[in-house]
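Participant: Pasting in a structure now, in structure tokens, and then I'll have a few things to ask.
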Protein chains: 2
Amino acid sequence: MGTTDPASPTGDGRSALDAVLDEVLAARRAERTVMSTSADRAARVVREQVVEGHLRSGTRLPEERLAGALGVSRNTLREALSQLVAERILVREPNRGVVVATPAVVDVEDVYRVRRLVEPAALARGTGHTPERIAAVAAAVTEGREAGERGDWDGVASANQHFHRAVVSLAGSPRLDAQMDLLLAEMRLFFHQMGAPERFHRPYLEENAAIAGLLTSGDRQGAADRLDAYLAAAEGQLVAAFRDRD
Amino acid sequence: MGTTDPASPTGDGRSALDAVLDEVLAARRAERTVMSTSADRAARVVREQVVEGHLRSGTRLPEERLAGALGVSRNTLREALSQLVAERILVREPNRGVVVATPAVVDVEDVYRVRRLVEPAALARGTGHTPERIAAVAAAVTEGREAGERGDWDGVASANQHFHRAVVSLAGSPRLDAQMDLLLAEMRLFFHQMGAPERFHRPYLEENAAIAGLLTSGDRQGAADRLDAYLAAAEGQLVAAFRDRD
DNA sequence: ACACTAAGGATTGTTGAACAATTCTTCAAT
DNA sequence: ATTGAAGAATTGTTCAACAATCCTTAGTGT
């Protein structure tokens with residue numbers, strides 16, 4: 001392709017140097033996008049505290065104190081909180097502030113409505129199933145098995161989330177992945193509200209393994225059907241646990 | 001049943017009156033939630049201007065002037081803009097502000113990736129298919145037919161969106177509906193970037209009718225398959241139109 | 001004519017303080 | 001034990017400021 005001449009002074013108007021400089025600039029911008037804005041960082045911290053269970057459902061988040069703790073102005077914090085409200089992790093009560101969401105049975109049902117529609121479909125449709133993505137599903141299975149063997153139940157729960165995340169990622173859609181992340185964050189809220197996560201995730205280790213096996217063997221529809229049944233059972237358990245806690 | 005005694009003074013601690021008053025309070029709060037915050041209103045106005053095509057792709061949105069025009073402070077506007085960035089309607093360029101998103105081919109492909117996964121699945125799975133929701137699908141078809149008969153192509157486009165929205169709503173999931181609204185807003189951005197919406201929507205009137213027919217006749221899988229083909233064709237057209245514009 | 005540089009102006013990211021409106025608390029009076 | 005009213009605290013929102021960054025432009029040298 002000809003003009004790989006470094007620093008060609010004239011001609012196309014844009015020298016090869018210009019192209020390189022553009023690239024450098026774009027890289028710097030992308031880099032800065034990672035550290036992102038102050039509000040995004042604040043949102044990330046609060047979200048982490050909520051999904052980790054350190055901020056329990058129903059706790060009120062006073063803006064002044066929280067802003068102080070995060071080392072950020074009240075205005076900036078407000079932007080962060082709005083973001084988390086949009087993610088359904090927090091709930092805004094007009095003139096009363098923001099509280100950590102307390103999911104109800106309808107929320108569990110709706111999250112599973114979406115998951116049961118999306119996850120089996122991602123398995124059944126072959127589109128996007130690259131070897132790497134299929135390998136990611138298998139990797140989540142072994143991650144869960146290893147965590148189970150050393151009795152690390154938090155690890156099992158985490159691996160389980162990775163499994164379902166990997167299933168959705170089979171489709172290869174950034175938008176779908178982002179949506180799934182929100183749903184999984186909500187799931188963690190559910191778990192914190194009932195407690196006893198170990199019992200809950202234990203039996204699904206083998207389920208995940210079976211589904212991954214069907215997937216790698218090429219039986220996509222079988223994998224999808226099995227996942228649907230899996231999700232139905234899990235939803236039933238969760239809803240039952242929620243109803244007990246009323 | 002039983003204690004429908006009005007104003008029972010003691011006993012359960014909470015009288016029936018208390019319950020009513022709680023309801024009134026909740027209603028007032030819900031009411032106020034509708035008018036919502038100042039930032040939400042600003043976001044709605046800007047979003048409307050973008051999806052209606054009055055603010056074209058790539059136009060920069062200076063905060064000071066825009067805030068002035070909307071009668072809102074720069075801080076509040078900022079919150080609104082962040083929301084729209086999260087919806088992918090706007091794009092934030094660090095230290096350079098916010099511009100109306102200019103979708104690329106990858107965006108079209110990804111939106112259709114999600115739609116082709118979700119919409120056929122919503123049809124094929126019977127769950128949630130109440131008579132009212134099925135009627136809503138049929139209503140969107142007649143809305144489109146009538147708009148076509150009087151040559152109202154904007155109306156056809158709008159009805160087409162209502163059709164797909166109704167298809168997803170068959171599942172009866174608020175979360176899925178919200179997600180679909182975002183995708184449809186992105187779709188409108190796509191259309192504005194290519195132009196000529198009449199040619200695009202015209203042939204799909206009959207498709208919609210056929211799909212609705214299959215649905216009402218109980219052939220859910222047939223409806224799903226046909227919708228999948230429909231979406232594949234539409235995506236192909238859109239992508240082709242996008243590639244021309246490069 | 002052309003590329004390079006420096007200065008100046010404009011815009012963004014973020015903060016701090018303010019203030020009306022609303023909600024929560026306290027506490028006395030019935 | 002309820003009610004009511006005063007007072008404190010919090011939210012929703014605005015305004016003004018400032019450093020950091022970007023954009024423009026005019027000038028400089030070649």
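Ordered as shown in the structure tokens, chains take letters A, B, and onward, while each chain numbers its residues from 1 and ligands are numbered from 1 in the order shown.
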Would you list which chain A residues are within 10 Å of chain D using only C-alpha atoms (C1' of nucleotides), as a PyMOL selection string?

Facilitator: chain A and resi 62-64+94-98

Participant: Considering only C-alpha atoms (C1' of nucleotides), extract the chain A residues located within 12 Å of chain C and return them as a PDB file with C-alpha atoms, in the first residue's frame.

Facilitator:
```pdb
ATOM      1  CA  PRO A   9       5.649  16.274   4.530  1.00  0.00           C
ATOM      2  CA  THR A  10       2.954  16.930   1.965  1.00  0.00           C
ATOM      3  CA  GLY A  13      -2.713  16.706   3.562  1.00  0.00           C
ATOM      4  CA  SER A  36     -14.082   8.042  34.302  1.00  0.00           C
ATOM      5  CA  THR A  37     -15.873  10.829  36.093  1.00  0.00           C
ATOM      6  CA  SER A  38     -16.021  11.422  39.790  1.00  0.00           C
ATOM      7  CA  ALA A  39     -19.706  10.505  39.872  1.00  0.00           C
ATOM      8  CA  ALA A  67     -20.705  12.693  50.150  1.00  0.00           C
ATOM      9  CA  GLY A  71     -14.731  12.697  49.376  1.00  0.00           C
ATOM     10  CA  VAL A  72     -17.027  14.149  46.800  1.00  0.00           C
ATOM     11  CA  SER A  73     -19.439  17.056  46.649  1.00  0.00           C
ATOM     12  CA  ARG A  74     -23.127  16.612  47.272  1.00  0.00           C
ATOM     13  CA  ASN A  75     -23.895  17.533  43.677  1.00  0.00           C
ATOM     14  CA  THR A  76     -21.607  14.858  42.345  1.00  0.00           C
ATOM     15  CA  LEU A  77     -22.947  12.283  44.760  1.00  0.00           C
ATOM     16  CA  GLU A  79     -25.514  12.191  40.072  1.00  0.00           C
ATOM     17  CA  GLU A  93     -38.474   8.465  47.852  1.00  0.00           C
ATOM     18  CA  PRO A  94     -39.371  12.048  46.913  1.00  0.00           C
ATOM     19  CA  ASN A  95     -38.247  14.583  49.502  1.00  0.00           C
ATOM     20  CA  ARG A  96     -37.119  11.730  51.710  1.00  0.00           C
ATOM     21  CA  GLY A  97     -33.981  10.725  49.949  1.00  0.00           C
TER      22      GLY A  97
END
```

Participant: List every residue of region 71-184 of chain A that DSSP, applied to the backbone of this structure, places in helix (DSSP H, G or I), and write the result as a PyMOL selection string.

Facilitator: chain A and resi 74-86+105-124+131-149+153-169+174-184

Participant: Give me the residues near Leu189 (chain B) as a VMD selection string, where near means some atom within 12 Å (using only C-alpha atoms (C1' of nucleotides)) and where sequence neighbours in that chain fewer than 2 positions away do not count.

Facilitator: chain B and resid 47 to 58 88 to 90 100 to 104 107 to 108 111 182 to 187 191 to 195 197 238

Participant: Quick one: of A:Ala43, A:Ala122, A:Leu227, A:Ala209, who's nearest to chain B, counting only C-alpha atoms?

Facilitator: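 Of all the options, A:Ala122 lies closest to chain B.
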
Participant: Considering only C-alpha atoms, give me a table of residues in chain B that are at most 8 Å from chain A, with the closest atom pair and distance in Å for each, as a tab-separated table.

Facilitator:
```
residue	atom	partner	partner_atom	distance
B:Arg29	CA	A:Pro94	CA	7.0
B:Arg32	CA	A:Pro94	CA	7.6
B:Thr33	CA	A:Pro94	CA	7.1
B:Asn75	CA	A:Asn75	CA	7.2
B:Glu79	CA	A:Glu79	CA	5.5
B:Ser82	CA	A:Glu79	CA	7.8
B:Gln83	CA	A:Gln83	CA	7.2
B:Pro94	CA	A:Arg29	CA	7.0
B:Asp110	CA	A:Ser173	CA	5.8
B:Val111	CA	A:Arg175	CA	7.5
B:Arg113	CA	A:Ser173	CA	6.6
B:Val114	CA	A:Leu176	CA	6.4
B:Leu117	CA	A:Ala121	CA	6.3
B:Val118	CA	A:Val118	CA	6.5
B:Ala121	CA	A:Leu117	CA	6.3
B:Ala122	CA	A:Leu117	CA	7.0
B:Arg125	CA	A:Leu117	CA	7.8
B:Ala171	CA	A:Arg113	CA	7.6
B:Ser173	CA	A:Asp110	CA	5.8
B:Pro174	CA	A:Asp110	CA	7.3
B:Arg175	CA	A:Asp110	CA	7.1
B:Leu176	CA	A:Val114	CA	6.4
```
